[in-house]
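Chemist: Questions regarding the structure given below will be posed in turn.
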Amino acid sequence: MKLFNTLTRRKEEFVPLEEGKVRMYVCGPTVYNLIHIGNARPMIIFDTVRRYMEYKGYEVNYVSNFTDVDDKIIKKAIEEGVSAEEVSARYIAECKKDMAGMNVKPATTHPQATQEIDGMIDMIQTLIDKGYAYAAADGTVYFRVKKFKEYGKLSHKNLDDLQSGFRALQVSGEDQKEDPLDFVLWKPKKEGEPYWTSPWCDGRPGWHIECSVMSKKYLGEEIDIHAGGEDLIFPHHENEIAQSECCNGKIFAKYWMHNAFLNIDNRKMSKSLGNFRTVREISQQYDLQVLRFFMLNAHYRSPLNFSADLMEASKNALERIVEAASRLKDRVAAAQTEASGEEEKALLKEAEAFTAKFEDAMDDDFNTADALSAVFELVKFANTNVTEGSSKEFAGALLAQLVKLCDVLGLIVEKKEEILDKEIEDLIAERQAARKAKNFARADEIRNELLEKGIILKDTREGVKWTRA
Ligand code: AMP
Ligand code: ZN
């Protein structure tokens with residue numbers, strides 16, 4: 001299995017630190033809002049990496065954090081007049097719902113920064129003791145970048161270039177730093193902000209130290225894979241390397257994987273441009289499996305442009321797989337013969353080539369687009385070769401093969417009767433119209449139809465509310 005390592009800028013053979021095991025850390029979202037489809041890209045990609053590793057027989061310890069203390073969370077809490085904790089707890093719960101919808105497996109551990117402050121204080125103290133960090137007069141603790149000779153090795157940035165860039169950007173108030181490149185490990189509290197006591201001042205951790213500490217606690221000092229979106233290469237991951245390697249005296253992560261960005265209308269999708277779409281919005285229009293398919297149909301290191309056309313194409317393509325699986329299931333149920341004949345045995349042997357092709361694609365730096373092509377070849381093969389006369393064993397084996405490969409990609413091929421939010425809302429509107437027209441029979445019919453699909457309606461003074469049972 002080969003993967004592209006940002007550190008060496010080459011595709012490398014994957015050799016785990018410990019045989020049969022993978023220790024993997026993926027930087028998770030800052031929880032102050034519903035996640036957008038850009039955030040969904042690393043979730044889907046690295047969940048697929050994990051699934052493929054598991055398929056290959058590795059035991060994967062997968063850790064992905066929630067950043068639950070941050071300026072944006074505090075700002076939102078102040079706007080709403082609630083605590084930062086309330087904001088982050090709400091959006092962690094919402095994020096987990098979206099992950100479930102996209103069939104992203106829960107991590108082995110989902111640590112939260114605010115639960116790990118002691119570990120952060122310990123690591124910062126060690127860095128100070130070793131001379132890699134210093135506290136300024138106001139209690140801010142900085143990392144002494146120049147002391148770490150390998151700084152820049154991940155982003156392939158040269159310290160001198162960085163320095164001149166930073167000098168131009170240097171802002172007032174930062175003059176307590178020994179060097180403009182130094183970054184914050186701990187900062188003093190501001191009025192109304194959450195804070196923790198520390199040997200330096202009441203305050204809170206910088207963002208980078210969180211991941212170094214959580215990775216160490218749940219995976220150990222050396223890990224196999226550290227991953228995230230490419231915007232994290234610098235400074236976040238560069239700083240994580242500096243902190244962890246200076247503290248532990250060991251190589252932090254062997255392989256660094258980064259997904260390219262998801263764009264919209266060929267522009268970077270971002271909150272500030274106002275052009276982002278939340279996963280929740282997409283879920284009102286599509287089954288989130290379609291979003292997953294859309295992401296997997298491109299290589300993770302290529303920029304991907306979100307468009308309605310591509311989503312429609314993904315929907316149709318996914319439907320072809322689901323239909324094929326459904327047809328195979330019908331054939332298994334209706335088969336007249338049990339065991340496969342000689343001809344069918346030969347065909348099954350032939351079909352093994354699709355699995356081999358799938359694995360070759362995935363072994364080549366997780367080329368999910370090519371892996372999907374292999375799945376479509378299998379679909380075509382099954383559609384052509386499974387007929388009314390096919391045996392149960394033959395149709396069943398092809399179905400099992402299809403389900404297994406799709407499962408590695410996290411695609412659920414079982415036909416779901418699930419009803420989308422938009423369909424529910426349309427039916428509710430129709431019910432309201434029926435009531436207005438005094439067509440109570442139709443109104444009741446709609447209520448019952450929704451109930452059968454697990455949707456409970458409640459008439460309130462503010463209008464009709466619905467919940468999933
Ligand atoms: P954040 O909440 O901004 O820290 O982002 C969480 C994760 O989503 C990180 O791995 C980011 O790199 C990734 N991410 C954010 N926006 C995008 C995007 N438009 N495309 C791909 N990945 C993104
Ligand atoms: Zn991180």
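Chain labels A, B, ... are given in the sequence in which chains occur in the structure tokens; within each chain residues are numbered consecutively from 1, and ligands are likewise numbered from 1 in the order shown.
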Among range 39-178 of chain A, which residues does DSSP mark as alpha helix (DSSP H) when it is run on the backbone? Keep the chain and numbering as in the structure and answer as a count of residues only.

Modeler: 69

Chemist: List all protein, DNA and RNA residues that have at least one atom no more than 8 Å from any atom of ligand 1, counting only C-alpha atoms and all ligand atoms, and write them as a compact mmCIF listing (two decimals) with all heavy atoms, in the first residue's frame.

Modeler:
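That gives us out.txt:
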# COMPACT_ATOMS: atom_id res chain seq x y z
N VAL A 26 -6.53 12.50 13.13
CA VAL A 26 -7.08 13.42 12.13
C VAL A 26 -7.60 14.67 12.83
O VAL A 26 -8.45 14.57 13.73
CB VAL A 26 -8.23 12.75 11.33
CG1 VAL A 26 -8.77 13.70 10.26
CG2 VAL A 26 -7.76 11.44 10.69
N CYS A 27 -7.10 15.83 12.43
CA CYS A 27 -7.55 17.07 13.07
C CYS A 27 -9.03 17.29 12.77
O CYS A 27 -9.45 17.27 11.62
CB CYS A 27 -6.75 18.26 12.56
SG CYS A 27 -5.04 18.18 13.11
N GLY A 28 -9.79 17.48 13.81
CA GLY A 28 -11.24 17.62 13.67
C GLY A 28 -11.68 19.07 13.64
O GLY A 28 -10.86 19.99 13.68
N PRO A 29 -12.97 19.29 13.58
CA PRO A 29 -13.49 20.65 13.41
C PRO A 29 -13.52 21.47 14.70
O PRO A 29 -13.53 20.93 15.79
CB PRO A 29 -14.92 20.41 12.91
CG PRO A 29 -15.30 19.11 13.53
CD PRO A 29 -14.04 18.29 13.60
N THR A 30 -13.55 22.79 14.50
CA THR A 30 -13.82 23.71 15.59
C THR A 30 -15.33 23.84 15.65
O THR A 30 -15.96 24.16 14.64
CB THR A 30 -13.16 25.07 15.29
OG1 THR A 30 -11.78 24.83 15.02
CG2 THR A 30 -13.29 26.03 16.46
N VAL A 31 -15.89 23.55 16.83
CA VAL A 31 -17.35 23.38 16.87
C VAL A 31 -18.08 24.65 17.33
O VAL A 31 -18.37 24.83 18.50
CB VAL A 31 -17.72 22.17 17.75
CG1 VAL A 31 -17.58 20.90 16.95
CG2 VAL A 31 -16.85 22.06 19.01
N ILE A 35 -21.29 21.82 10.59
CA ILE A 35 -20.13 21.63 9.70
C ILE A 35 -20.55 21.89 8.26
O ILE A 35 -21.69 21.64 7.87
CB ILE A 35 -19.49 20.22 9.83
CG1 ILE A 35 -20.49 19.10 9.55
CG2 ILE A 35 -18.83 20.06 11.18
CD1 ILE A 35 -19.83 17.77 9.26
N HIS A 36 -19.59 22.40 7.46
CA HIS A 36 -19.89 22.60 6.04
C HIS A 36 -19.30 21.45 5.23
O HIS A 36 -18.56 20.61 5.75
CB HIS A 36 -19.48 24.00 5.58
CG HIS A 36 -18.02 24.33 5.72
ND1 HIS A 36 -17.04 23.68 5.01
CD2 HIS A 36 -17.40 25.26 6.48
CE1 HIS A 36 -15.88 24.20 5.32
NE2 HIS A 36 -16.06 25.16 6.22
N ILE A 37 -19.64 21.45 3.95
CA ILE A 37 -19.23 20.30 3.15
C ILE A 37 -17.72 20.26 2.92
O ILE A 37 -17.18 19.21 2.59
CB ILE A 37 -20.02 20.20 1.82
CG1 ILE A 37 -19.96 21.51 1.04
CG2 ILE A 37 -21.47 19.82 2.09
CD1 ILE A 37 -20.66 21.45 -0.31
N GLY A 38 -17.05 21.39 3.14
CA GLY A 38 -15.58 21.38 3.11
C GLY A 38 -15.04 20.56 4.27
O GLY A 38 -14.16 19.72 4.11
N ASN A 39 -15.60 20.76 5.44
CA ASN A 39 -15.18 19.98 6.62
C ASN A 39 -15.48 18.50 6.41
O ASN A 39 -14.83 17.63 6.99
CB ASN A 39 -15.93 20.40 7.89
CG ASN A 39 -15.77 21.86 8.23
OD1 ASN A 39 -16.73 22.54 8.57
ND2 ASN A 39 -14.56 22.37 8.17
N ALA A 40 -16.51 18.23 5.61
CA ALA A 40 -16.91 16.83 5.39
C ALA A 40 -15.87 16.09 4.56
O ALA A 40 -15.77 14.87 4.64
CB ALA A 40 -18.26 16.78 4.69
N ARG A 41 -15.10 16.84 3.75
CA ARG A 41 -14.15 16.15 2.87
C ARG A 41 -13.12 15.34 3.66
O ARG A 41 -12.99 14.14 3.44
CB ARG A 41 -13.48 17.13 1.89
CG ARG A 41 -12.75 16.41 0.79
CD ARG A 41 -12.29 17.31 -0.35
NE ARG A 41 -11.81 16.45 -1.46
CZ ARG A 41 -11.08 16.85 -2.47
NH1 ARG A 41 -10.74 18.12 -2.58
NH2 ARG A 41 -10.68 16.02 -3.41
N PRO A 42 -12.37 15.95 4.61
CA PRO A 42 -11.43 15.11 5.36
C PRO A 42 -12.12 14.00 6.15
O PRO A 42 -11.58 12.91 6.30
CB PRO A 42 -10.71 16.09 6.29
CG PRO A 42 -11.54 17.33 6.31
CD PRO A 42 -12.26 17.37 5.00
N MET A 43 -13.33 14.29 6.64
CA MET A 43 -14.03 13.24 7.41
C MET A 43 -14.27 12.01 6.54
O MET A 43 -14.01 10.88 6.95
CB MET A 43 -15.38 13.76 7.91
CG MET A 43 -15.23 14.74 9.04
SD MET A 43 -16.84 15.34 9.55
CE MET A 43 -16.35 16.48 10.82
N THR A 67 -12.22 20.68 18.54
CA THR A 67 -11.65 21.87 19.16
C THR A 67 -12.82 22.63 19.77
O THR A 67 -13.64 23.20 19.06
CB THR A 67 -10.90 22.72 18.10
OG1 THR A 67 -9.79 21.95 17.65
CG2 THR A 67 -10.41 24.02 18.69
N ALA A 227 -3.29 13.43 9.84
CA ALA A 227 -3.98 13.90 8.63
C ALA A 227 -4.88 15.10 8.89
O ALA A 227 -5.21 15.42 10.03
CB ALA A 227 -4.81 12.76 8.05
N GLY A 228 -5.26 15.74 7.79
CA GLY A 228 -6.17 16.89 7.85
C GLY A 228 -6.21 17.57 6.50
O GLY A 228 -5.57 17.11 5.54
N GLY A 229 -6.93 18.66 6.41
CA GLY A 229 -6.99 19.43 5.17
C GLY A 229 -5.67 20.14 4.90
O GLY A 229 -4.91 20.41 5.84
N GLU A 230 -5.40 20.46 3.64
CA GLU A 230 -4.08 21.01 3.28
C GLU A 230 -3.84 22.39 3.88
O GLU A 230 -2.69 22.81 4.02
CB GLU A 230 -3.91 21.05 1.76
CG GLU A 230 -4.86 22.00 1.07
CD GLU A 230 -4.74 22.00 -0.44
OE1 GLU A 230 -4.00 21.17 -0.99
OE2 GLU A 230 -5.41 22.84 -1.07
N ASP A 231 -4.90 23.09 4.28
CA ASP A 231 -4.70 24.40 4.92
C ASP A 231 -4.03 24.24 6.28
O ASP A 231 -3.53 25.21 6.84
CB ASP A 231 -6.05 25.12 5.10
CG ASP A 231 -7.06 24.29 5.90
OD1 ASP A 231 -7.08 23.06 5.72
OD2 ASP A 231 -7.79 24.88 6.71
N LEU A 232 -4.01 23.02 6.81
CA LEU A 232 -3.42 22.81 8.13
C LEU A 232 -1.91 22.56 8.10
O LEU A 232 -1.26 22.57 9.14
CB LEU A 232 -4.11 21.62 8.84
CG LEU A 232 -5.61 21.76 9.06
CD1 LEU A 232 -6.12 20.58 9.91
CD2 LEU A 232 -5.97 23.07 9.77
N ASN A 259 -5.77 16.38 2.51
CA ASN A 259 -6.73 16.46 1.40
C ASN A 259 -6.71 17.88 0.82
O ASN A 259 -6.49 18.85 1.55
CB ASN A 259 -8.15 16.09 1.86
CG ASN A 259 -8.71 17.04 2.90
OD1 ASN A 259 -8.48 16.85 4.09
ND2 ASN A 259 -9.43 18.07 2.48
N ALA A 260 -6.97 17.95 -0.49
CA ALA A 260 -7.10 19.26 -1.14
C ALA A 260 -8.45 19.86 -0.78
O ALA A 260 -9.31 19.19 -0.20
CB ALA A 260 -6.96 19.11 -2.64
N PHE A 261 -8.64 21.11 -1.18
CA PHE A 261 -9.86 21.81 -0.78
C PHE A 261 -11.06 21.50 -1.64
O PHE A 261 -10.94 21.12 -2.80
CB PHE A 261 -9.59 23.32 -0.76
CG PHE A 261 -9.46 23.83 0.64
CD1 PHE A 261 -8.61 23.19 1.53
CD2 PHE A 261 -10.22 24.90 1.09
CE1 PHE A 261 -8.52 23.61 2.84
CE2 PHE A 261 -10.13 25.34 2.40
CZ PHE A 261 -9.28 24.69 3.28
N LEU A 262 -12.19 21.67 -1.04
CA LEU A 262 -13.45 21.61 -1.76
C LEU A 262 -13.79 23.06 -2.09
O LEU A 262 -13.84 23.91 -1.21
CB LEU A 262 -14.54 21.01 -0.87
CG LEU A 262 -15.89 20.89 -1.53
CD1 LEU A 262 -15.87 19.79 -2.57
CD2 LEU A 262 -16.97 20.58 -0.51
N ASN A 263 -13.99 23.33 -3.38
CA ASN A 263 -14.32 24.69 -3.82
C ASN A 263 -15.79 24.74 -4.22
O ASN A 263 -16.43 23.70 -4.40
CB ASN A 263 -13.45 25.09 -5.01
CG ASN A 263 -11.99 25.09 -4.66
OD1 ASN A 263 -11.61 25.48 -3.56
ND2 ASN A 263 -11.16 24.63 -5.57
N LYS A 268 -12.61 29.10 -3.45
CA LYS A 268 -12.47 28.45 -2.15
C LYS A 268 -13.76 28.64 -1.36
O LYS A 268 -14.32 29.74 -1.33
CB LYS A 268 -11.30 29.13 -1.44
CG LYS A 268 -10.99 28.55 -0.11
CD LYS A 268 -9.74 29.21 0.45
CE LYS A 268 -9.64 28.89 1.94
NZ LYS A 268 -8.38 29.28 2.51
N MET A 269 -14.24 27.55 -0.77
CA MET A 269 -15.44 27.68 0.04
C MET A 269 -15.07 28.13 1.44
O MET A 269 -14.25 27.49 2.09
CB MET A 269 -16.17 26.33 0.12
CG MET A 269 -17.47 26.46 0.86
SD MET A 269 -18.47 25.01 0.70
CE MET A 269 -17.34 23.81 1.22
N SER A 270 -15.60 29.23 1.86
CA SER A 270 -15.25 29.68 3.21
C SER A 270 -16.40 30.47 3.81
O SER A 270 -17.24 31.01 3.09
CB SER A 270 -13.98 30.53 3.18
OG SER A 270 -14.31 31.83 2.77

Chemist: Would you kindly return, as a PyMOL selection string, each protein, DNA or RNA residue with an atom no farther than 6 Å from any atom of Lys2 in chain A, considering only C-alpha atoms and excluding same-chain residues fewer than 3 positions away?

Modeler: chain A and resi 11-14+363-365

Chemist: Hey, which of A:Met214, A:Leu159, A:Val69, A:Ala395 ends up closest to ligand 2? Count only C-alpha atoms and all ligand atoms.

Modeler: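 Result for the nearest residue to ligand 2: A:Met214.
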
Chemist: Out of A:Asp182, A:Glu80, A:Glu312, A:Asp129, which residue has the shortest atom-to-atom distance to Cys247 in chain A when counting only C-alpha atoms?

Modeler: A:Asp129
